[in-house]
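This is input-v3.tsv. It holds TSV, C-alpha atoms.
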chain	number	residue	atom	x	y	z
W	1	MET	CA	-183.63	0.86	-0.15
W	2	GLU	CA	-186.43	-0.19	-2.39
W	3	ARG	CA	-190.00	0.21	-1.30
W	4	SER	CA	-193.09	-0.89	-3.03
W	5	ARG	CA	-195.84	1.59	-3.75
W	6	ARG	CA	-198.11	-0.40	-1.45
W	7	GLU	CA	-195.67	-0.22	1.44
W	8	PHE	CA	-195.18	3.52	0.97
W	9	LEU	CA	-198.88	4.19	1.06
W	10	LYS	CA	-199.24	2.12	4.23
W	11	ILE	CA	-196.56	4.13	6.05
W	12	ALA	CA	-197.96	7.43	4.79
W	13	GLY	CA	-201.47	6.51	5.89
W	14	ALA	CA	-200.32	5.39	9.32
W	15	SER	CA	-198.34	8.60	9.91
W	16	ALA	CA	-201.29	10.73	8.85
W	17	ALA	CA	-203.55	8.86	11.28
W	18	ILE	CA	-201.04	9.36	14.13
W	19	GLY	CA	-200.71	13.03	13.28
W	20	LEU	CA	-204.44	13.66	13.29
W	21	GLY	CA	-204.90	11.72	16.50
W	22	ALA	CA	-202.11	13.67	18.19
W	23	GLY	CA	-203.83	16.94	17.33
W	24	GLN	CA	-206.98	15.83	19.08
W	25	VAL	CA	-205.08	14.60	22.11
W	26	MET	CA	-203.24	17.94	22.33
W	27	GLU	CA	-206.52	19.82	22.15
W	28	ALA	CA	-208.03	17.67	24.89
W	29	VAL	CA	-204.96	18.25	27.09
W	30	ALA	CA	-205.10	21.98	26.40
W	31	ALA	CA	-208.78	22.11	27.29
W	32	ALA	CA	-208.18	20.20	30.50
W	33	THR	CA	-205.32	22.44	31.65
W	34	ASN	CA	-206.76	25.71	30.40
W	35	HIS	CA	-207.03	28.04	33.38
W	36	GLN	CA	-210.24	29.86	33.71
W	37	ALA	CA	-209.57	32.62	36.20
W	38	ALA	CA	-212.48	32.24	38.61
W	39	PRO	CA	-215.30	30.75	36.58
W	40	GLU	CA	-218.07	32.16	38.76
W	41	ALA	CA	-216.81	35.72	38.49
W	42	GLN	CA	-218.87	38.32	36.68
W	43	VAL	CA	-218.26	41.69	35.12
W	44	ALA	CA	-220.53	44.71	35.05
W	45	HIS	CA	-220.71	48.43	34.40
W	46	GLN	CA	-220.41	50.88	37.23
W	47	PRO	CA	-223.93	51.99	38.14
W	48	GLU	CA	-223.07	55.68	37.80
W	49	ALA	CA	-221.58	55.23	34.30
W	50	LEU	CA	-222.94	57.56	31.62
W	51	LYS	CA	-224.42	55.67	28.72
W	52	ALA	CA	-225.27	56.60	25.14
W	53	THR	CA	-225.56	54.94	21.79
W	54	ARG	CA	-223.51	57.55	19.97
W	55	TRP	CA	-221.54	60.08	21.93
W	56	GLY	CA	-221.04	63.42	20.26
W	57	MET	CA	-219.89	66.92	20.95
W	58	VAL	CA	-221.10	70.33	19.87
W	59	VAL	CA	-218.68	73.26	19.82
W	60	ASP	CA	-220.44	76.58	19.99
W	61	THR	CA	-217.95	78.84	18.23
W	62	ARG	CA	-220.09	81.91	19.00
W	63	LYS	CA	-219.15	81.59	22.65
W	64	ILE	CA	-215.41	81.53	21.99
W	65	GLU	CA	-213.83	84.82	22.94
W	66	SER	CA	-210.20	84.17	23.67
W	67	ALA	CA	-207.45	81.66	23.15
W	68	GLU	CA	-207.23	81.22	26.92
W	69	GLN	CA	-210.57	79.44	26.93
W	70	ILE	CA	-209.20	76.80	24.57
W	71	GLU	CA	-205.90	76.65	26.46
W	72	LYS	CA	-207.84	75.76	29.57
W	73	MET	CA	-209.48	72.78	27.83
W	74	VAL	CA	-206.16	71.58	26.46
W	75	GLU	CA	-204.55	71.84	29.85
W	76	ALA	CA	-207.36	69.98	31.61
W	77	CYS	CA	-207.28	67.17	29.05
W	78	HIS	CA	-203.54	66.79	28.91
W	79	LYS	CA	-203.25	66.79	32.68
W	80	GLU	CA	-205.95	64.15	33.03
W	81	HIS	CA	-204.38	61.83	30.45
W	82	ASN	CA	-200.69	62.26	31.22
W	83	VAL	CA	-199.95	63.83	27.86
W	84	PRO	CA	-196.29	64.86	27.72
W	85	MET	CA	-195.19	68.42	27.01
W	86	LEU	CA	-192.63	68.10	24.27
W	87	GLU	CA	-191.00	71.25	22.98
W	88	GLU	CA	-190.16	70.06	19.52
W	89	GLU	CA	-193.10	70.43	17.14
W	90	ARG	CA	-192.57	67.10	15.37
W	91	HIS	CA	-192.54	65.21	18.68
W	92	ARG	CA	-195.58	66.92	20.14
W	93	ILE	CA	-198.49	64.84	21.43
W	94	LYS	CA	-201.92	66.39	21.02
W	95	TRP	CA	-205.27	65.10	22.19
W	96	ILE	CA	-207.06	68.39	21.83
W	97	TRP	CA	-205.53	71.54	20.39
W	98	GLU	CA	-206.46	74.87	18.88
W	99	THR	CA	-206.42	75.92	15.26
W	100	HIS	CA	-207.76	78.58	12.91
W	101	PHE	CA	-211.04	78.20	11.05
W	102	HIS	CA	-209.39	77.95	7.65
W	103	ASN	CA	-207.20	75.09	8.89
W	104	ALA	CA	-210.01	73.20	10.57
W	105	PHE	CA	-212.39	73.69	7.65
W	106	PRO	CA	-210.28	74.06	4.52
W	107	SER	CA	-213.16	73.38	2.13
W	108	GLN	CA	-215.67	75.62	3.93
W	109	ALA	CA	-213.40	78.61	4.37
W	110	THR	CA	-213.91	81.22	1.68
W	111	ASP	CA	-211.86	84.34	1.13
W	112	ARG	CA	-214.40	86.24	3.22
W	113	VAL	CA	-215.01	84.51	6.54
W	114	SER	CA	-216.91	86.35	9.24
W	115	GLU	CA	-214.65	88.50	11.34
W	116	HIS	CA	-215.41	86.52	14.48
W	117	LEU	CA	-214.51	83.18	12.90
W	118	GLU	CA	-211.41	84.59	11.35
W	119	HIS	CA	-210.04	85.80	14.65
W	120	ILE	CA	-210.85	83.04	17.07
W	121	LEU	CA	-209.11	79.72	17.55
W	122	LEU	CA	-211.23	76.59	17.43
W	123	PRO	CA	-210.73	73.54	19.61
W	124	VAL	CA	-210.15	70.44	17.48
W	125	MET	CA	-209.74	66.82	18.50
W	126	CYS	CA	-210.55	63.31	17.37
W	127	ASN	CA	-213.95	63.38	15.67
W	128	HIS	CA	-214.92	59.86	16.72
W	129	CYS	CA	-216.15	59.24	13.20
W	130	GLU	CA	-219.08	57.01	12.35
W	131	ASN	CA	-216.94	55.43	9.67
W	132	PRO	CA	-213.43	55.82	11.06
W	133	PRO	CA	-210.66	55.38	8.49
W	134	CYS	CA	-208.08	54.84	11.24
W	135	VAL	CA	-209.90	51.71	12.39
W	136	ARG	CA	-209.81	50.29	8.88
W	137	ALA	CA	-206.10	51.01	8.62
W	138	CYS	CA	-205.08	49.41	11.92
W	139	PRO	CA	-203.53	45.98	11.31
W	140	THR	CA	-203.80	44.83	14.93
W	141	LYS	CA	-207.22	46.21	15.85
W	142	ALA	CA	-205.50	48.32	18.46
W	143	THR	CA	-207.78	51.12	17.45
W	144	PHE	CA	-211.42	50.18	17.28
W	145	LYS	CA	-214.86	51.68	17.36
W	146	ARG	CA	-216.78	50.72	20.44
W	147	GLU	CA	-220.07	49.41	19.12
W	148	SER	CA	-221.99	50.30	22.26
W	149	ASP	CA	-221.41	54.05	22.16
W	150	GLY	CA	-219.49	54.88	18.98
W	151	ILE	CA	-216.30	56.01	20.67
W	152	VAL	CA	-213.19	55.37	18.60
W	153	MET	CA	-210.70	54.01	21.08
W	154	MET	CA	-207.07	53.06	21.33
W	155	ASP	CA	-205.92	49.89	23.03
W	156	PHE	CA	-202.36	50.96	23.78
W	157	HIS	CA	-201.48	47.38	24.70
W	158	ARG	CA	-201.99	46.24	21.14
W	159	CYS	CA	-200.51	49.18	19.25
W	160	ILE	CA	-197.38	48.19	17.36
W	161	GLY	CA	-196.58	51.74	16.29
W	162	CYS	CA	-196.94	51.25	12.55
W	163	ARG	CA	-198.65	54.67	12.23
W	164	PHE	CA	-201.02	53.56	9.45
W	165	CYS	CA	-203.82	55.15	11.47
W	166	MET	CA	-202.02	58.47	11.46
W	167	ALA	CA	-201.75	58.35	7.70
W	168	ALA	CA	-205.41	57.39	7.44
W	169	CYS	CA	-206.82	60.07	9.75
W	170	PRO	CA	-207.77	63.14	7.71
W	171	TYR	CA	-207.85	65.35	10.81
W	172	GLY	CA	-204.35	64.77	12.15
W	173	SER	CA	-205.92	63.73	15.41
W	174	ARG	CA	-203.33	61.14	16.20
W	175	SER	CA	-199.88	61.58	17.67
W	176	PHE	CA	-196.99	59.17	17.86
W	177	ASN	CA	-194.68	58.76	20.81
W	178	PHE	CA	-191.34	59.17	19.14
W	179	ARG	CA	-189.72	59.39	22.56
W	180	ASP	CA	-190.45	57.94	25.95
W	181	PRO	CA	-193.10	60.38	27.17
W	182	LYS	CA	-192.66	59.85	30.91
W	183	PRO	CA	-189.89	62.39	31.59
W	184	PHE	CA	-191.95	65.07	29.87
W	185	ILE	CA	-195.13	64.70	31.88
W	186	PRO	CA	-195.23	67.70	34.21
W	187	GLU	CA	-197.41	66.05	36.83
W	188	ILE	CA	-198.34	62.39	36.63
W	189	ASN	CA	-201.95	61.50	37.23
W	190	LYS	CA	-201.56	58.01	38.67
W	191	ALA	CA	-205.19	57.14	38.01
W	192	TYR	CA	-204.56	57.08	34.25
W	193	PRO	CA	-201.74	55.05	32.69
W	194	THR	CA	-198.92	56.72	30.80
W	195	ARG	CA	-197.78	55.50	27.41
W	196	MET	CA	-194.46	54.18	26.21
W	197	LYS	CA	-192.29	54.95	23.23
W	198	GLY	CA	-193.70	53.61	19.98
W	199	VAL	CA	-197.45	53.86	20.46
W	200	VAL	CA	-200.00	56.16	18.91
W	201	GLU	CA	-202.41	58.10	21.07
W	202	LYS	CA	-205.39	60.39	20.66
W	203	CYS	CA	-208.49	61.78	22.32
W	204	ASN	CA	-210.70	59.04	23.80
W	205	PHE	CA	-213.75	61.21	24.62
W	206	CYS	CA	-212.72	60.57	28.24
W	207	VAL	CA	-214.07	57.00	28.38
W	208	GLU	CA	-212.48	56.58	31.79
W	209	ARG	CA	-214.50	59.55	33.08
W	210	LEU	CA	-217.74	58.48	31.39
W	211	ALA	CA	-217.36	55.09	33.10
W	212	VAL	CA	-217.56	56.79	36.48
W	213	GLY	CA	-220.31	59.19	35.53
W	214	LYS	CA	-218.24	62.28	34.78
W	215	LEU	CA	-218.29	64.43	31.65
W	216	PRO	CA	-215.11	64.78	29.59
W	217	ALA	CA	-212.42	66.96	31.14
W	218	CYS	CA	-212.50	69.56	28.36
W	219	VAL	CA	-216.28	69.93	28.56
W	220	GLU	CA	-216.11	70.56	32.28
W	221	VAL	CA	-213.83	73.57	31.93
W	222	SER	CA	-215.26	74.89	28.66
W	223	ASP	CA	-217.60	77.62	30.04
W	224	GLY	CA	-220.41	76.23	27.91
W	225	ILE	CA	-218.47	76.26	24.64
W	226	LEU	CA	-218.52	72.46	24.48
W	227	THR	CA	-221.64	70.37	24.96
W	228	PHE	CA	-221.42	66.62	25.21
W	229	GLY	CA	-224.19	64.09	24.85
W	230	ASP	CA	-225.95	61.35	22.95
W	231	LEU	CA	-226.49	62.24	19.29
W	232	ASN	CA	-229.02	59.43	18.93
W	233	ASP	CA	-231.17	60.72	21.75
W	234	PRO	CA	-233.49	63.44	20.41
W	235	GLU	CA	-233.94	64.79	23.93
W	236	SER	CA	-230.25	65.22	24.66
W	237	GLU	CA	-228.69	68.64	24.94
W	238	VAL	CA	-226.55	68.13	21.85
W	239	SER	CA	-229.54	67.09	19.75
W	240	LYS	CA	-231.46	70.16	20.89
W	241	LEU	CA	-228.54	72.45	20.07
W	242	LEU	CA	-228.21	70.92	16.61
W	243	LYS	CA	-231.93	71.24	15.99
W	244	GLU	CA	-231.91	74.94	16.76
W	245	ASN	CA	-228.62	75.95	15.18
W	246	TYR	CA	-226.75	75.48	11.95
W	247	ALA	CA	-223.67	73.36	12.58
W	248	ILE	CA	-220.89	72.09	10.36
W	249	ARG	CA	-218.55	69.14	10.66
W	250	ARG	CA	-214.96	68.82	9.49
W	251	LYS	CA	-214.29	67.42	6.00
W	252	THR	CA	-217.66	65.72	5.60
W	253	ASN	CA	-216.97	65.17	1.90
W	254	LEU	CA	-214.62	62.35	2.92
W	255	GLY	CA	-217.52	60.35	4.29
W	256	THR	CA	-216.07	59.76	7.74
W	257	GLY	CA	-219.14	61.06	9.59
W	258	PRO	CA	-217.57	63.07	12.41
W	259	SER	CA	-219.36	63.22	15.77
W	260	VAL	CA	-218.01	66.66	16.62
W	261	TYR	CA	-220.18	69.54	15.38
W	262	TYR	CA	-219.30	73.22	15.18
W	263	ILE	CA	-222.04	75.81	15.43
W	264	VAL	CA	-220.88	78.77	13.35
T	1	MET	CA	-152.64	5.75	20.98
T	2	ASN	CA	-149.87	8.07	21.98
T	3	ASP	CA	-152.16	11.02	22.68
T	4	LYS	CA	-153.98	9.41	25.60
T	5	GLY	CA	-152.68	11.99	28.07
T	6	LYS	CA	-153.74	14.92	25.93
T	7	ILE	CA	-157.19	13.51	25.32
T	8	VAL	CA	-157.82	12.79	28.99
T	9	THR	CA	-156.60	16.26	30.00
T	10	GLY	CA	-158.83	17.80	27.38
T	11	LEU	CA	-161.80	15.80	28.56
T	12	VAL	CA	-161.20	16.78	32.18
T	13	ILE	CA	-160.97	20.47	31.25
T	14	PHE	CA	-164.10	20.16	29.13
T	15	ALA	CA	-166.06	18.45	31.92
T	16	ALA	CA	-164.89	21.08	34.39
T	17	LEU	CA	-165.97	23.92	32.13
T	18	VAL	CA	-169.33	22.43	31.30
T	19	SER	CA	-170.16	21.75	34.92
T	20	PHE	CA	-168.77	25.10	36.08
T	21	PRO	CA	-172.15	26.79	36.59
T	22	PHE	CA	-173.34	23.88	38.69
T	23	TRP	CA	-170.49	23.64	41.18
T	24	TYR	CA	-169.88	27.38	41.18
T	25	ASN	CA	-173.44	28.06	42.33
T	26	LEU	CA	-173.56	25.05	44.65
T	27	GLY	CA	-175.29	25.91	47.90
T	28	LYS	CA	-176.04	29.41	46.72
T	29	ALA	CA	-179.60	28.77	45.63
T	30	ALA	CA	-181.58	31.98	45.96
T	31	PRO	CA	-184.16	31.66	48.72
T	32	PRO	CA	-187.76	31.93	47.56
T	33	PRO	CA	-188.87	35.53	47.73
T	34	GLU	CA	-190.82	36.97	50.63
T	35	VAL	CA	-193.26	39.63	49.57
T	36	VAL	CA	-194.06	42.56	51.81
T	37	LEU	CA	-197.69	43.51	52.22
T	38	THR	CA	-198.55	47.12	52.78
T	39	ASP	CA	-200.77	48.04	55.72
T	40	LYS	CA	-203.61	48.62	53.33
T	41	ALA	CA	-203.22	45.16	51.80
T	42	LYS	CA	-203.01	43.58	55.26
T	43	ALA	CA	-206.13	45.38	56.38
T	44	ALA	CA	-208.05	44.18	53.33
T	45	LYS	CA	-207.19	40.59	54.38
T	46	GLU	CA	-208.20	39.07	51.06
T	47	CYS	CA	-207.33	39.81	47.47
T	48	VAL	CA	-209.58	39.70	44.43
T	49	LEU	CA	-209.04	35.93	44.23
T	50	PRO	CA	-207.97	33.52	46.99
T	51	LYS	CA	-204.26	33.78	47.78
T	52	ASP	CA	-203.14	30.66	45.91
T	53	GLU	CA	-205.13	31.51	42.84
T	54	ILE	CA	-204.03	35.11	42.66
T	55	ARG	CA	-200.44	33.98	43.10
T	56	THR	CA	-200.49	31.64	40.16
T	57	GLU	CA	-203.12	33.25	37.98
T	58	HIS	CA	-202.89	37.01	38.41
T	59	MET	CA	-201.48	37.34	34.91
T	60	GLN	CA	-204.45	35.56	33.34
T	61	LEU	CA	-206.82	37.61	35.44
T	62	LEU	CA	-205.12	40.86	34.41
T	63	ASP	CA	-205.25	39.81	30.79
T	64	VAL	CA	-209.01	39.24	31.04
T	65	TRP	CA	-209.40	42.52	32.92
T	66	ARG	CA	-207.46	44.39	30.28
T	67	ASP	CA	-209.70	43.22	27.46
T	68	THR	CA	-212.93	43.59	29.38
T	69	GLN	CA	-212.08	47.06	30.60
T	70	VAL	CA	-210.48	48.51	27.49
T	71	ARG	CA	-212.38	46.80	24.74
T	72	ASP	CA	-215.79	45.99	26.24
T	73	GLY	CA	-215.94	49.05	28.47
T	74	GLN	CA	-217.08	47.14	31.53
T	75	THR	CA	-215.28	48.28	34.62
T	76	VAL	CA	-216.55	46.25	37.56
T	77	TYR	CA	-215.37	42.76	38.44
T	78	ILE	CA	-217.51	40.75	40.82
T	79	ASN	CA	-215.59	37.82	42.26
T	80	ALA	CA	-216.95	34.44	43.28
T	81	LYS	CA	-217.70	35.77	46.76
T	82	GLY	CA	-219.81	38.54	45.31
T	83	LYS	CA	-217.40	41.32	46.20
T	84	SER	CA	-216.90	43.88	43.44
T	85	TYR	CA	-213.72	45.58	42.36
T	86	ILE	CA	-212.89	48.16	39.72
T	87	MET	CA	-210.88	46.38	37.04
T	88	SER	CA	-207.76	48.49	37.04
T	89	LEU	CA	-204.14	47.59	37.57
T	90	SER	CA	-203.24	51.19	38.33
T	91	ASN	CA	-206.17	52.02	40.56
T	92	THR	CA	-207.08	48.74	42.23
T	93	CYS	CA	-204.08	46.38	42.34
T	94	LEU	CA	-201.38	48.99	42.72
T	95	ASP	CA	-203.48	51.00	45.13
T	96	CYS	CA	-203.22	48.29	47.77
T	97	HIS	CA	-199.89	46.94	46.63
T	98	SER	CA	-198.26	50.32	46.34
T	99	ASN	CA	-194.84	48.90	47.24
T	100	TYR	CA	-193.70	47.86	43.78
T	101	LYS	CA	-190.10	47.11	44.79
T	102	ASP	CA	-191.03	44.93	47.74
T	103	PHE	CA	-194.04	43.25	46.25
T	104	CYS	CA	-194.25	42.89	42.48
T	105	ASP	CA	-190.54	42.98	41.82
T	106	ARG	CA	-189.66	40.38	44.46
T	107	CYS	CA	-191.20	37.47	42.58
T	108	HIS	CA	-190.74	38.90	39.12
T	109	VAL	CA	-187.01	39.24	39.65
T	110	TYR	CA	-186.79	35.81	41.28
T	111	ALA	CA	-188.66	34.18	38.40
T	112	SER	CA	-186.77	36.32	35.92
T	113	VAL	CA	-189.89	37.64	34.26
T	114	ASP	CA	-190.10	41.17	32.96
T	115	PRO	CA	-193.74	42.08	32.41
T	116	TYR	CA	-194.16	45.31	30.49
T	117	CYS	CA	-197.24	46.31	32.48
T	118	PHE	CA	-195.13	48.59	34.58
T	119	ASP	CA	-193.78	50.54	31.65
T	120	CYS	CA	-197.00	52.52	31.78
T	121	HIS	CA	-198.91	51.58	34.89
T	122	ILE	CA	-196.61	52.99	37.53
T	123	ASP	CA	-194.45	55.98	37.92
T	124	ASN	CA	-191.03	54.57	37.09
T	125	PRO	CA	-189.35	56.40	34.23
T	126	LYS	CA	-187.01	54.07	32.40
T	127	GLU	CA	-185.61	56.17	29.61
T	128	THR	CA	-184.33	59.53	30.72
T	129	LYS	CA	-183.16	60.98	27.45
For this file, produce the structure as structure tokens.
Amino acid sequence: MERSRREFLKIAGASAAIGLGAGQVMEAVAAATNHQAAPEAQVAHQPEALKATRWGMVVDTRKIESAEQIEKMVEACHKEHNVPMLEEERHRIKWIWETHFHNAFPSQATDRVSEHLEHILLPVMCNHCENPPCVRACPTKATFKRESDGIVMMDFHRCIGCRFCMAACPYGSRSFNFRDPKPFIPEINKAYPTRMKGVVEKCNFCVERLAVGKLPACVEVSDGILTFGDLNDPESEVSKLLKENYAIRRKTNLGTGPSVYYIV
Amino acid sequence: MNDKGKIVTGLVIFAALVSFPFWYNLGKAAPPPEVVLTDKAKAAKECVLPKDEIRTEHMQLLDVWRDTQVRDGQTVYINAKGKSYIMSLSNTCLDCHSNYKDFCDRCHVYASVDPYCFDCHIDNPKETK
């Protein structure tokens, strides 16, 4: 079948016009049928919610006397957030855990650390960095930094389990659910969702508690070791503590800007 | 055309096989599901949205709730009537509709949909090992 150049161009032009027109029609149809679940509805914060521009925590290591104190925080946190108790080390899920000074602060630890620091265990958790490397690594934006208060959060719904964030986090604050966690949760707290196999989880600074005006679970049972507050508010308890005491942060040389301070 | 018999037989068998699901299931259409409301849900009288809307659009609503609650940190939903609810599948929806098997599952099974919400938002362990 022979076709002149002129005829070919005519057909091509006509098909392009139809194609473009169809796109617009489709868009109009989509707009017309797009459900807007209750257009007049509004959303708001709970009135009792605690608000800050940059949440932070101060750990007063001078007040730590025994490992039981840290255990209590771990237990309170893990119970609140349905964190499973897995025996095998490589499967373990940790939101907050205890570690020695030289592990938490490898670059600060010298061969002569004060006797107190050498003997106690420190509570460590997600540092809710100012410049979180995990957020940069996440391909789905499942982990993100909440602009309003600086909390680095996980949206479990979006996590695809690629574990880039775990590789990016210099603090090992993230754990991966290699197994379905549900059978290993000693006592399910129905108010907080559980996770499924294949998602990463970590400390969330208890956003769900802050939203209803409560302090994080670990802070509540910490006997004053942990102080929680707004780092940007000069009048807050954390700011006052940091003004009066010398405090260090974990691996600051990496430029992540942790929001968890340790008074030593 | 000596194979007429064979061809016709083959065609009949083919037609029978293809239409098998239709005549096999004839008259056995599953009745539309009846959901059971808990006492708490009955006492509340109305849901977050009017009945028809919540029936057809609860998934869109939950999707909006999920993003607003998790990503924007806002927790209260004020519906068109001005009544406010905490945006939470676990704590609001499933608090009233605590009968998963007789409420959620009824329609979901009927419509053959398998939302993964319930992998995490209710206490139903799936994998035991």
What are the residues of chain W that have an atom within 6 Å of an atom of chain T, counting only C-alpha atoms, as an mmCIF file with C-alpha atoms, keeping the file's coordinate frame?
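Saved to part-v9.cif:
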data_model
loop_
_atom_site.group_PDB
_atom_site.id
_atom_site.type_symbol
_atom_site.label_atom_id
_atom_site.label_comp_id
_atom_site.auth_asym_id
_atom_site.auth_seq_id
_atom_site.Cartn_x
_atom_site.Cartn_y
_atom_site.Cartn_z
ATOM 1 C CA ALA W 37 -209.570 32.620 36.200
ATOM 2 C CA GLU W 40 -218.070 32.160 38.760
ATOM 3 C CA ALA W 41 -216.810 35.720 38.490
ATOM 4 C CA GLN W 42 -218.870 38.320 36.680
ATOM 5 C CA VAL W 43 -218.260 41.690 35.120
ATOM 6 C CA ALA W 44 -220.530 44.710 35.050
ATOM 7 C CA HIS W 45 -220.710 48.430 34.400
ATOM 8 C CA LYS W 182 -192.660 59.850 30.910
ATOM 9 C CA ALA W 191 -205.190 57.140 38.010
ATOM 10 C CA PRO W 193 -201.740 55.050 32.690
ATOM 11 C CA THR W 194 -198.920 56.720 30.800
ATOM 12 C CA ARG W 195 -197.780 55.500 27.410
#
Residues within 10 Å of W:Arg136, only C-alpha atoms, excluding chain neighbours under 3 positions, as a list in words | Asn131, Pro132, Pro133, Pro139, Lys141, Thr143, Phe144, Lys145, Phe164, Cys165 and Ala168 of chain W
Padding 6 Å on every side, please: axis-aligned box over the listed atoms of stretch 10-16 of chain T, centre and edge lengths to one decimal in Å, as lines of an AutoDock Vina configuration file.
center_x = -162.4
center_y = 18.4
center_z = 30.9
size_x = 19.2
size_y = 17.3
size_z = 19.0
Distance criterion (all atoms listed in the file): nearest to T:Ser98 out of W:Phe228, W:Ile18, W:Ser239, W:Lys190 = W:Lys190
Go ahead and compute the interatomic distance for atom CA of W:Leu121 and atom CA of W:Thr99, in Å to one decimal.
->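 Taking atom CA of W:Leu121 as the start and atom CA of W:Thr99 as the end point, the length is 5.2 Å.
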Could you give me, as a list in words, the residues within 9 Å of T:Glu34, counting only C-alpha atoms and dropping anything in the same chain fewer than 4 positions from it?
->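 Near T:Glu34, the qualifying residues are Asp102, Phe103, Arg106 and Cys107 of chain T.
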Expressed in Å to a single decimal, how great is the separation between atom CA of W:Tyr261 and atom CA of W:Asp230?
->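 Pair atom CA of W:Tyr261 / atom CA of W:Asp230 returns 12.6 Å.
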Atom-to-atom span, atom CA of W:Ala247 and atom CA of W:Ile120, Å = 16.7 Å
Write out as a PyMOL selection string the residues lying within 9 Å of T:Tyr110, counting only C-alpha atoms and excluding same-chain residues fewer than 4 positions away.
-> chain T and resi 30-33+105-106
Could you dump the residues just selected with C-alpha atoms as a short mmCIF file (atom, residue, chain, number, x, y, z; two decimals), in the coordinates of the input?
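part_12.cif, written as the output of this step:
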data_model
loop_
_atom_site.label_atom_id
_atom_site.label_comp_id
_atom_site.auth_asym_id
_atom_site.auth_seq_id
_atom_site.Cartn_x
_atom_site.Cartn_y
_atom_site.Cartn_z
CA ALA T 30 -181.58 31.98 45.96
CA PRO T 31 -184.16 31.66 48.72
CA PRO T 32 -187.76 31.93 47.56
CA PRO T 33 -188.87 35.53 47.73
CA ASP T 105 -190.54 42.98 41.82
CA ARG T 106 -189.66 40.38 44.46
#
